[in-house]
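Asker: My structure file query_25.pdb, PDB, C-alpha atoms, is below:
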```pdb
ATOM      1  CA  MET A   1     -38.336  38.655  48.110
ATOM      2  CA  ASN A   2     -41.705  39.794  49.460
ATOM      3  CA  GLU A   3     -42.410  43.190  47.847
ATOM      4  CA  ASN A   4     -45.137  44.029  50.366
ATOM      5  CA  PRO A   5     -43.888  42.849  53.756
ATOM      6  CA  THR A   6     -45.793  43.392  56.979
ATOM      7  CA  THR A   7     -43.321  42.392  59.679
ATOM      8  CA  ALA A   8     -40.750  44.936  60.844
ATOM      9  CA  GLU A   9     -37.825  42.635  60.085
ATOM     10  CA  GLU A  10     -38.988  42.029  56.528
ATOM     11  CA  GLN A  11     -39.614  45.734  56.009
ATOM     12  CA  TYR A  12     -36.147  46.565  57.299
ATOM     13  CA  ASN A  13     -34.527  43.974  55.026
ATOM     14  CA  LEU A  14     -36.432  45.265  52.000
ATOM     15  CA  GLY A  15     -35.437  48.830  52.831
ATOM     16  CA  LEU A  16     -31.820  47.707  53.049
ATOM     17  CA  CYS A  17     -32.053  46.034  49.644
ATOM     18  CA  TYR A  18     -33.403  49.221  48.070
ATOM     19  CA  ALA A  19     -30.714  51.291  49.791
ATOM     20  CA  ASN A  20     -27.859  49.056  48.632
ATOM     21  CA  GLY A  21     -29.294  47.831  45.325
ATOM     22  CA  GLU A  22     -28.925  44.138  46.095
ATOM     23  CA  ASN A  23     -30.737  40.784  45.816
ATOM     24  CA  GLY A  24     -31.967  41.634  42.338
ATOM     25  CA  ILE A  25     -33.455  44.969  43.443
ATOM     26  CA  SER A  26     -32.331  48.224  41.819
ATOM     27  CA  GLN A  27     -31.213  50.941  44.183
ATOM     28  CA  ASP A  28     -34.089  53.264  45.010
ATOM     29  CA  TRP A  29     -33.596  55.589  47.946
ATOM     30  CA  GLY A  30     -37.229  56.687  47.959
ATOM     31  CA  LYS A  31     -38.397  53.112  48.514
ATOM     32  CA  ALA A  32     -35.546  52.482  50.929
ATOM     33  CA  ILE A  33     -36.691  55.334  53.162
ATOM     34  CA  LEU A  34     -40.321  54.214  52.827
ATOM     35  CA  TRP A  35     -39.625  50.688  54.106
ATOM     36  CA  LEU A  36     -37.095  51.734  56.729
ATOM     37  CA  THR A  37     -39.673  54.159  58.097
ATOM     38  CA  LYS A  38     -42.339  51.466  58.222
ATOM     39  CA  ALA A  39     -39.995  49.146  60.110
ATOM     40  CA  ALA A  40     -38.831  51.951  62.415
ATOM     41  CA  GLU A  41     -42.406  52.906  63.242
ATOM     42  CA  GLN A  42     -42.997  49.312  64.328
ATOM     43  CA  GLY A  43     -40.138  49.652  66.809
ATOM     44  CA  HIS A  44     -37.330  47.936  64.886
ATOM     45  CA  SER A  45     -34.248  49.391  66.598
ATOM     46  CA  VAL A  46     -31.811  48.788  63.748
ATOM     47  CA  ALA A  47     -34.241  50.392  61.295
ATOM     48  CA  GLN A  48     -34.606  53.332  63.679
ATOM     49  CA  PHE A  49     -30.827  53.738  63.822
ATOM     50  CA  SER A  50     -30.521  53.342  60.038
ATOM     51  CA  LEU A  51     -33.227  55.925  59.461
ATOM     52  CA  GLY A  52     -31.482  58.291  61.878
ATOM     53  CA  LEU A  53     -28.281  57.791  59.937
ATOM     54  CA  CYS A  54     -30.056  58.614  56.664
ATOM     55  CA  TYR A  55     -31.301  61.909  58.094
ATOM     56  CA  ASP A  56     -27.881  62.550  59.624
ATOM     57  CA  LYS A  57     -25.981  62.027  56.375
ATOM     58  CA  GLY A  58     -28.652  63.084  53.892
ATOM     59  CA  TRP A  59     -28.945  59.642  52.322
ATOM     60  CA  GLY A  60     -32.175  59.492  50.337
ATOM     61  CA  VAL A  61     -33.642  62.421  52.276
ATOM     62  CA  SER A  62     -32.745  66.025  52.957
ATOM     63  CA  GLN A  63     -30.309  66.230  55.852
ATOM     64  CA  ASN A  64     -32.274  66.905  59.025
ATOM     65  CA  MET A  65     -30.426  66.586  62.317
ATOM     66  CA  GLU A  66     -33.554  67.084  64.421
ATOM     67  CA  GLU A  67     -35.117  64.060  62.721
ATOM     68  CA  ALA A  68     -31.847  62.140  63.008
ATOM     69  CA  VAL A  69     -31.767  62.722  66.766
ATOM     70  CA  ARG A  70     -35.409  61.669  67.080
ATOM     71  CA  TRP A  71     -34.713  58.287  65.498
ATOM     72  CA  TYR A  72     -31.366  57.840  67.236
ATOM     73  CA  GLU A  73     -33.095  58.312  70.579
ATOM     74  CA  LYS A  74     -35.742  55.712  69.776
ATOM     75  CA  ALA A  75     -33.037  53.197  68.889
ATOM     76  CA  ALA A  76     -30.803  54.204  71.804
ATOM     77  CA  GLU A  77     -33.607  53.723  74.303
ATOM     78  CA  GLN A  78     -33.790  50.111  73.100
ATOM     79  CA  GLY A  79     -30.082  49.654  73.771
ATOM     80  CA  HIS A  80     -28.664  50.238  70.275
ATOM     81  CA  SER A  81     -25.090  51.163  71.197
ATOM     82  CA  ASN A  82     -24.170  52.811  67.896
ATOM     83  CA  ALA A  83     -27.212  55.080  68.199
ATOM     84  CA  GLN A  84     -26.188  55.843  71.774
ATOM     85  CA  PHE A  85     -22.722  56.813  70.581
ATOM     86  CA  ASN A  86     -24.150  59.049  67.854
ATOM     87  CA  LEU A  87     -26.322  60.748  70.460
ATOM     88  CA  TRP A  88     -23.179  61.501  72.445
ATOM     89  CA  VAL A  89     -21.889  63.369  69.387
ATOM     90  CA  CYS A  90     -25.196  65.208  68.882
ATOM     91  CA  TYR A  91     -25.572  66.297  72.502
ATOM     92  CA  LYS A  92     -21.888  67.208  72.842
ATOM     93  CA  LYS A  93     -21.879  69.375  69.711
ATOM     94  CA  GLY A  94     -25.472  70.560  69.823
ATOM     95  CA  LEU A  95     -26.407  68.916  66.525
ATOM     96  CA  GLY A  96     -30.168  68.768  66.046
ATOM     97  CA  ILE A  97     -30.713  69.357  69.739
ATOM     98  CA  SER A  98     -29.539  71.746  72.441
ATOM     99  CA  GLN A  99     -26.037  71.045  73.675
ATOM    100  CA  ASN A 100     -26.117  69.067  76.903
ATOM    101  CA  ILE A 101     -22.821  67.629  78.122
ATOM    102  CA  GLU A 102     -24.425  65.673  80.957
ATOM    103  CA  LYS A 103     -26.744  63.834  78.550
ATOM    104  CA  ALA A 104     -23.893  63.420  76.081
ATOM    105  CA  MET A 105     -21.762  61.623  78.652
ATOM    106  CA  SER A 106     -24.718  59.543  79.797
ATOM    107  CA  TRP A 107     -25.168  58.213  76.246
ATOM    108  CA  LEU A 108     -21.429  57.664  75.792
ATOM    109  CA  THR A 109     -21.321  55.625  78.985
ATOM    110  CA  ALA A 110     -24.336  53.606  77.856
ATOM    111  CA  ALA A 111     -22.658  52.869  74.515
ATOM    112  CA  GLU A 112     -19.457  51.834  76.285
ATOM    113  CA  GLN A 113     -21.340  49.525  78.614
ATOM    114  CA  GLY A 114     -23.218  48.122  75.625
ATOM    115  CA  GLY A 115     -19.937  46.947  74.138
ATOM    116  CA  TYR A 116     -19.440  49.508  71.360
ATOM    117  CA  ALA A 117     -15.674  49.498  70.795
ATOM    118  CA  THR A 118     -15.372  53.102  69.608
ATOM    119  CA  ALA A 119     -17.269  54.315  72.680
ATOM    120  CA  GLN A 120     -14.942  52.282  74.889
ATOM    121  CA  TYR A 121     -11.937  53.881  73.214
ATOM    122  CA  VAL A 122     -13.377  57.406  73.478
ATOM    123  CA  LEU A 123     -14.313  56.967  77.134
ATOM    124  CA  GLY A 124     -10.819  55.641  77.798
ATOM    125  CA  ASN A 125      -9.423  58.890  76.433
ATOM    126  CA  TYR A 126     -11.749  60.838  78.711
ATOM    127  CA  TYR A 127     -10.266  58.976  81.669
ATOM    128  CA  ILE A 128      -6.775  59.944  80.489
ATOM    129  CA  ASN A 129      -7.460  63.621  80.019
ATOM    130  CA  GLY A 130     -10.306  64.345  82.449
ATOM    131  CA  ASP A 131     -13.021  66.380  80.759
ATOM    132  CA  ASP A 132     -16.795  66.851  80.523
ATOM    133  CA  GLY A 133     -17.311  65.759  84.125
ATOM    134  CA  ILE A 134     -15.041  62.712  83.884
ATOM    135  CA  SER A 135     -12.145  62.622  86.360
ATOM    136  CA  LYS A 136      -8.732  61.338  85.343
ATOM    137  CA  ASN A 137      -8.345  57.666  86.163
ATOM    138  CA  MET A 138      -5.607  55.685  84.427
ATOM    139  CA  GLU A 139      -6.820  52.314  85.664
ATOM    140  CA  LYS A 140     -10.294  52.928  84.223
ATOM    141  CA  ALA A 141      -8.703  54.175  81.007
ATOM    142  CA  VAL A 142      -6.793  50.924  80.630
ATOM    143  CA  LEU A 143      -9.925  48.878  81.330
ATOM    144  CA  CYS A 144     -11.804  50.765  78.600
ATOM    145  CA  PHE A 145      -8.949  50.351  76.144
ATOM    146  CA  GLU A 146      -8.708  46.637  76.891
ATOM    147  CA  LYS A 147     -12.403  46.168  76.108
ATOM    148  CA  ALA A 148     -12.015  47.984  72.794
ATOM    149  CA  ALA A 149      -8.699  46.335  71.964
ATOM    150  CA  LYS A 150     -10.143  42.848  72.401
ATOM    151  CA  GLN A 151     -12.668  43.771  69.712
ATOM    152  CA  GLY A 152      -9.851  44.693  67.327
ATOM    153  CA  HIS A 153      -9.839  48.477  67.824
ATOM    154  CA  SER A 154      -6.303  49.296  66.650
ATOM    155  CA  ASP A 155      -6.073  52.718  68.322
ATOM    156  CA  ALA A 156      -6.902  51.105  71.654
ATOM    157  CA  GLN A 157      -4.390  48.329  71.008
ATOM    158  CA  GLN A 158      -1.678  50.899  70.302
ATOM    159  CA  ASN A 159      -2.568  52.863  73.434
ATOM    160  CA  LEU A 160      -2.386  49.732  75.560
ATOM    161  CA  GLY A 161       0.980  48.885  74.102
ATOM    162  CA  MET A 162       2.214  52.348  74.993
ATOM    163  CA  TYR A 163       0.823  52.178  78.520
ATOM    164  CA  TYR A 164       2.502  48.894  79.257
ATOM    165  CA  HIS A 165       5.652  50.096  77.504
ATOM    166  CA  GLN A 166       5.466  53.383  79.456
ATOM    167  CA  LEU A 167       6.867  55.538  76.688
ATOM    168  CA  GLY A 168       5.911  58.821  75.057
ATOM    169  CA  LEU A 169       2.733  60.772  75.730
ATOM    170  CA  CYS A 170       1.029  57.817  77.363
ATOM    171  CA  TYR A 171       3.565  57.546  80.174
ATOM    172  CA  VAL A 172       2.316  59.069  83.410
ATOM    173  CA  LYS A 173       4.502  58.316  86.421
ATOM    174  CA  GLY A 174       2.707  56.901  89.405
ATOM    175  CA  ASP A 175      -0.414  56.117  87.407
ATOM    176  CA  GLY A 176      -0.731  52.665  88.931
ATOM    177  CA  VAL A 177      -0.291  50.890  85.599
ATOM    178  CA  PRO A 178       2.778  48.664  85.897
ATOM    179  CA  GLN A 179       5.223  48.255  83.059
ATOM    180  CA  ASP A 180       4.649  44.907  81.364
ATOM    181  CA  SER A 181       6.797  44.218  78.312
ATOM    182  CA  LYS A 182       4.913  41.052  77.342
ATOM    183  CA  LYS A 183       1.534  42.814  77.316
ATOM    184  CA  ALA A 184       3.045  45.761  75.472
ATOM    185  CA  ILE A 185       4.437  43.537  72.720
ATOM    186  CA  ASP A 186       1.200  41.535  72.487
ATOM    187  CA  TRP A 187      -0.856  44.683  71.871
ATOM    188  CA  PHE A 188       1.710  46.222  69.526
ATOM    189  CA  GLU A 189       1.616  43.021  67.451
ATOM    190  CA  LYS A 190      -2.168  42.991  67.230
ATOM    191  CA  ALA A 191      -2.320  46.620  66.125
ATOM    192  CA  ALA A 192       0.650  46.216  63.774
ATOM    193  CA  GLU A 193      -0.946  43.246  62.038
ATOM    194  CA  GLU A 194      -4.048  45.355  61.431
ATOM    195  CA  GLY A 195      -1.923  47.975  59.713
ATOM    196  CA  TYR A 196      -1.512  50.518  62.507
ATOM    197  CA  ALA A 197       1.691  52.347  61.524
ATOM    198  CA  ALA A 198       2.709  53.588  64.976
ATOM    199  CA  SER A 199       2.536  50.041  66.351
ATOM    200  CA  GLN A 200       4.485  48.690  63.390
ATOM    201  CA  TYR A 201       7.184  51.226  64.197
ATOM    202  CA  ARG A 202       7.190  50.438  67.908
ATOM    203  CA  LEU A 203       7.294  46.692  67.202
ATOM    204  CA  GLY A 204      10.186  47.187  64.793
ATOM    205  CA  LEU A 205      12.117  49.086  67.449
ATOM    206  CA  SER A 206      11.404  46.364  69.997
ATOM    207  CA  TYR A 207      12.861  43.712  67.687
ATOM    208  CA  MET A 208      15.750  46.024  66.885
ATOM    209  CA  ASP A 209      16.648  46.792  70.497
ATOM    210  CA  GLY A 210      15.521  43.564  72.134
ATOM    211  CA  TRP A 211      12.906  45.272  74.311
ATOM    212  CA  GLY A 212      10.464  42.679  75.637
ATOM    213  CA  ILE A 213      11.469  40.160  72.944
ATOM    214  CA  PRO A 214      14.770  38.743  71.641
ATOM    215  CA  LYS A 215      16.565  40.879  69.076
ATOM    216  CA  ASN A 216      15.647  39.900  65.548
ATOM    217  CA  PRO A 217      17.060  42.104  62.781
ATOM    218  CA  GLU A 218      14.914  40.550  60.059
ATOM    219  CA  LYS A 219      11.665  41.111  61.950
ATOM    220  CA  ALA A 220      12.853  44.569  62.929
ATOM    221  CA  LYS A 221      13.410  45.460  59.256
ATOM    222  CA  HIS A 222      10.079  43.892  58.300
ATOM    223  CA  TRP A 223       8.048  46.030  60.701
ATOM    224  CA  LEU A 224      10.104  49.175  60.255
ATOM    225  CA  LYS A 225       9.617  48.932  56.498
ATOM    226  CA  LYS A 226       5.865  48.560  56.931
ATOM    227  CA  ALA A 227       5.832  51.575  59.231
ATOM    228  CA  ALA A 228       7.939  53.554  56.767
ATOM    229  CA  ASP A 229       5.626  52.591  53.901
ATOM    230  CA  ASN A 230       2.744  53.856  56.033
ATOM    231  CA  GLY A 231       4.335  57.267  56.451
ATOM    232  CA  ILE A 232       6.404  57.032  59.654
ATOM    233  CA  GLU A 233       9.451  59.121  58.755
ATOM    234  CA  GLU A 234      11.423  58.031  61.815
ATOM    235  CA  ALA A 235      11.058  54.406  60.687
ATOM    236  CA  LYS A 236      12.870  55.286  57.433
ATOM    237  CA  LYS A 237      15.755  56.722  59.440
ATOM    238  CA  ARG A 238      15.982  53.647  61.641
ATOM    239  CA  LEU A 239      16.010  51.385  58.579
ATOM    240  CA  GLU A 240      19.093  53.207  57.353
ATOM    241  CA  GLU A 241      20.942  51.968  60.452
ATOM    242  CA  PHE A 242      20.862  48.462  58.995
ATOM    243  CA  THR A 243      22.767  49.586  55.894
ATOM    244  CA  SER A 244      25.124  52.135  57.450
TER     245      SER A 244
END
```
Once you've parsed the file, please lay out its structure as structure tokens.

Answerer:
Amino acid sequence: MNENPTTAEEQYNLGLCYANGENGISQDWGKAILWLTKAAEQGHSVAQFSLGLCYDKGWGVSQNMEEAVRWYEKAAEQGHSNAQFNLWVCYKKGLGISQNIEKAMSWLTAAEQGGYATAQYVLGNYYINGDDGISKNMEKAVLCFEKAAKQGHSDAQQNLGMYYHQLGLCYVKGDGVPQDSKKAIDWFEKAAEEGYAASQYRLGLSYMDGWGIPKNPEKAKHWLKKAADNGIEEAKKRLEEFTS
């Protein structure tokens, strides 16, 4: 590997190697910060975000939220959605910069539109609850959750399952989201397979009761056991029904 790179991409890659201690290079945070800074100063958006993260977390440098925000903004202005999301946090909480809810929501929206799954999930929750200038809108919430869920975001998958199931805290009468057992089961399955305990429990109940799918005691026990193993106490109680 070139030990004295001149292009931003090469500088970023070298900085990453020093940060992680890989490709035959011993970990050296001082050199990592040096090369990430060089790449960031040349406008490399990922290096700018990475450098912001270092200042945010105190990796290889003293924690400095003002400097973190400075680099996050440079990356965010180039469309780096993770940096945009982190700026939402900084502006919302007043970390390294004066609190500004309007700017916070502007960056969250940008991150959501840029395809960042966590931002899509968070914005979906804003549409559920209505806060920080966002009005309640269940249809927009579902759209945000669907975007995140399709990228494998298990919380969003669980929420979608609950919306289409229309059970529990997610059920809001007259919200314009029709009950759809097939969609509910599809999203519960995706989240359950990724280890999301609440979806494993809900899927187990669906197989147990025949909601949206044919009854299947073996599959019901399979998913209820997984949910129970993941800490869902109610799943343990429901499993006992198979032996009582």

Asker: Would you compute the distance between atom CA of Ser199 of chain A and atom CA of Ala149 of chain A? Give it in Å to one decimal.

Answerer: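 According to the coordinates, atom CA of Ser199 of chain A and atom CA of Ala149 of chain A are separated by 13.1 Å.
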
Asker: Can you work out which one of A:Tyr12, A:Tyr207, A:Trp223, A:Tyr163 has the shortest atom-to-atom distance to Gln48 of chain A, counting only C-alpha atoms?

Answerer: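 So, comparing all the options, the nearest one is A:Tyr12.
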
Asker: So which residues get picked by the PyMOL selection byres ((chain A and resi 40) around 12) here, written as a PyMOL selection string?

Answerer: chain A and resi 7-13+15+32-39+41-52+70-75+78

Asker: Applying the PyMOL selection byres ((chain A and resi 95) around 10) to the file I just gave you, which residues come out? Please list them as an MDAnalysis selection string.

Answerer: chainID A and resid 56 64:66 68:69 87 89:94 96:99

Asker: I need the residues from that last selection saved to file as a PDB file, in the frame of the given file (with C-alpha atoms), if you can.

Answerer:
```pdb
ATOM      1  CA  ASP A  56     -27.881  62.550  59.624  1.00  0.00           C
ATOM      2  CA  ASN A  64     -32.274  66.905  59.025  1.00  0.00           C
ATOM      3  CA  MET A  65     -30.426  66.586  62.317  1.00  0.00           C
ATOM      4  CA  GLU A  66     -33.554  67.084  64.421  1.00  0.00           C
ATOM      5  CA  ALA A  68     -31.847  62.140  63.008  1.00  0.00           C
ATOM      6  CA  VAL A  69     -31.767  62.722  66.766  1.00  0.00           C
ATOM      7  CA  LEU A  87     -26.322  60.748  70.460  1.00  0.00           C
ATOM      8  CA  VAL A  89     -21.889  63.369  69.387  1.00  0.00           C
ATOM      9  CA  CYS A  90     -25.196  65.208  68.882  1.00  0.00           C
ATOM     10  CA  TYR A  91     -25.572  66.297  72.502  1.00  0.00           C
ATOM     11  CA  LYS A  92     -21.888  67.208  72.842  1.00  0.00           C
ATOM     12  CA  LYS A  93     -21.879  69.375  69.711  1.00  0.00           C
ATOM     13  CA  GLY A  94     -25.472  70.560  69.823  1.00  0.00           C
ATOM     14  CA  GLY A  96     -30.168  68.768  66.046  1.00  0.00           C
ATOM     15  CA  ILE A  97     -30.713  69.357  69.739  1.00  0.00           C
ATOM     16  CA  SER A  98     -29.539  71.746  72.441  1.00  0.00           C
ATOM     17  CA  GLN A  99     -26.037  71.045  73.675  1.00  0.00           C
TER      18      GLN A  99
END
```

Asker: Just to confirm, what's the straight-line distance from atom CA of Ser154 of chain A to atom CA of Trp107 of chain A in Å (one decimal)?

Answerer: 23.0 Å

Asker: Please, what distance in Å, to one decimal, runs between atom CA of Leu203 of chain A and atom CA of Ser181 of chain A?

Answerer: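 Rounded to one decimal, the two atoms are 11.4 Å apart.
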
Asker: Neighbours of Lys236 of chain A within 12 Å (all atoms listed in the file; same-chain residues fewer than 2 positions away dropped), as a PDB file with C-alpha atoms, in the frame of the given file?

Answerer:
```pdb
ATOM      1  CA  TYR A 201       7.184  51.226  64.197  1.00  0.00           C
ATOM      2  CA  GLY A 204      10.186  47.187  64.793  1.00  0.00           C
ATOM      3  CA  LEU A 205      12.117  49.086  67.449  1.00  0.00           C
ATOM      4  CA  LYS A 221      13.410  45.460  59.256  1.00  0.00           C
ATOM      5  CA  HIS A 222      10.079  43.892  58.300  1.00  0.00           C
ATOM      6  CA  TRP A 223       8.048  46.030  60.701  1.00  0.00           C
ATOM      7  CA  LEU A 224      10.104  49.175  60.255  1.00  0.00           C
ATOM      8  CA  LYS A 225       9.617  48.932  56.498  1.00  0.00           C
ATOM      9  CA  LYS A 226       5.865  48.560  56.931  1.00  0.00           C
ATOM     10  CA  ALA A 227       5.832  51.575  59.231  1.00  0.00           C
ATOM     11  CA  ALA A 228       7.939  53.554  56.767  1.00  0.00           C
ATOM     12  CA  ASP A 229       5.626  52.591  53.901  1.00  0.00           C
ATOM     13  CA  ASN A 230       2.744  53.856  56.033  1.00  0.00           C
ATOM     14  CA  GLY A 231       4.335  57.267  56.451  1.00  0.00           C
ATOM     15  CA  ILE A 232       6.404  57.032  59.654  1.00  0.00           C
ATOM     16  CA  GLU A 233       9.451  59.121  58.755  1.00  0.00           C
ATOM     17  CA  GLU A 234      11.423  58.031  61.815  1.00  0.00           C
ATOM     18  CA  ARG A 238      15.982  53.647  61.641  1.00  0.00           C
ATOM     19  CA  LEU A 239      16.010  51.385  58.579  1.00  0.00           C
ATOM     20  CA  GLU A 240      19.093  53.207  57.353  1.00  0.00           C
ATOM     21  CA  GLU A 241      20.942  51.968  60.452  1.00  0.00           C
ATOM     22  CA  PHE A 242      20.862  48.462  58.995  1.00  0.00           C
ATOM     23  CA  THR A 243      22.767  49.586  55.894  1.00  0.00           C
TER      24      THR A 243
END
```

Asker: Quick one: residues within 12 Å of Ala110 of chain A, all atoms listed in the file, excluding same-chain residues fewer than 3 positions away - as an MDAnalysis selection string?

Answerer: chainID A and resid 76:88 103:107 113:117 119:120 123

Asker: Would you write out those residues with C-alpha atoms, as a CSV table (one decimal), in the frame of the given file?

Answerer:
```
chain,number,residue,atom,x,y,z
A,76,ALA,CA,-30.8,54.2,71.8
A,77,GLU,CA,-33.6,53.7,74.3
A,78,GLN,CA,-33.8,50.1,73.1
A,79,GLY,CA,-30.1,49.7,73.8
A,80,HIS,CA,-28.7,50.2,70.3
A,81,SER,CA,-25.1,51.2,71.2
A,82,ASN,CA,-24.2,52.8,67.9
A,83,ALA,CA,-27.2,55.1,68.2
A,84,GLN,CA,-26.2,55.8,71.8
A,85,PHE,CA,-22.7,56.8,70.6
A,86,ASN,CA,-24.2,59.0,67.9
A,87,LEU,CA,-26.3,60.7,70.5
A,88,TRP,CA,-23.2,61.5,72.4
A,103,LYS,CA,-26.7,63.8,78.6
A,104,ALA,CA,-23.9,63.4,76.1
A,105,MET,CA,-21.8,61.6,78.7
A,106,SER,CA,-24.7,59.5,79.8
A,107,TRP,CA,-25.2,58.2,76.2
A,113,GLN,CA,-21.3,49.5,78.6
A,114,GLY,CA,-23.2,48.1,75.6
A,115,GLY,CA,-19.9,46.9,74.1
A,116,TYR,CA,-19.4,49.5,71.4
A,117,ALA,CA,-15.7,49.5,70.8
A,119,ALA,CA,-17.3,54.3,72.7
A,120,GLN,CA,-14.9,52.3,74.9
A,123,LEU,CA,-14.3,57.0,77.1
```

Asker: Under the PyMOL selection byres ((chain A and resi 189) around 10), which residues of this model are included? Write them out as a PyMOL selection string.

Answerer: chain A and resi 157-158+161+183-188+190-196+199-200+202-204+223

Asker: Skipping near chain neighbours, those fewer than 5 positions away, what residues fall within 9 Å of Asp28 of chain A using all atoms listed in the file, listed as a VMD selection string?

Answerer: chain A and resid 17 to 21 33 60
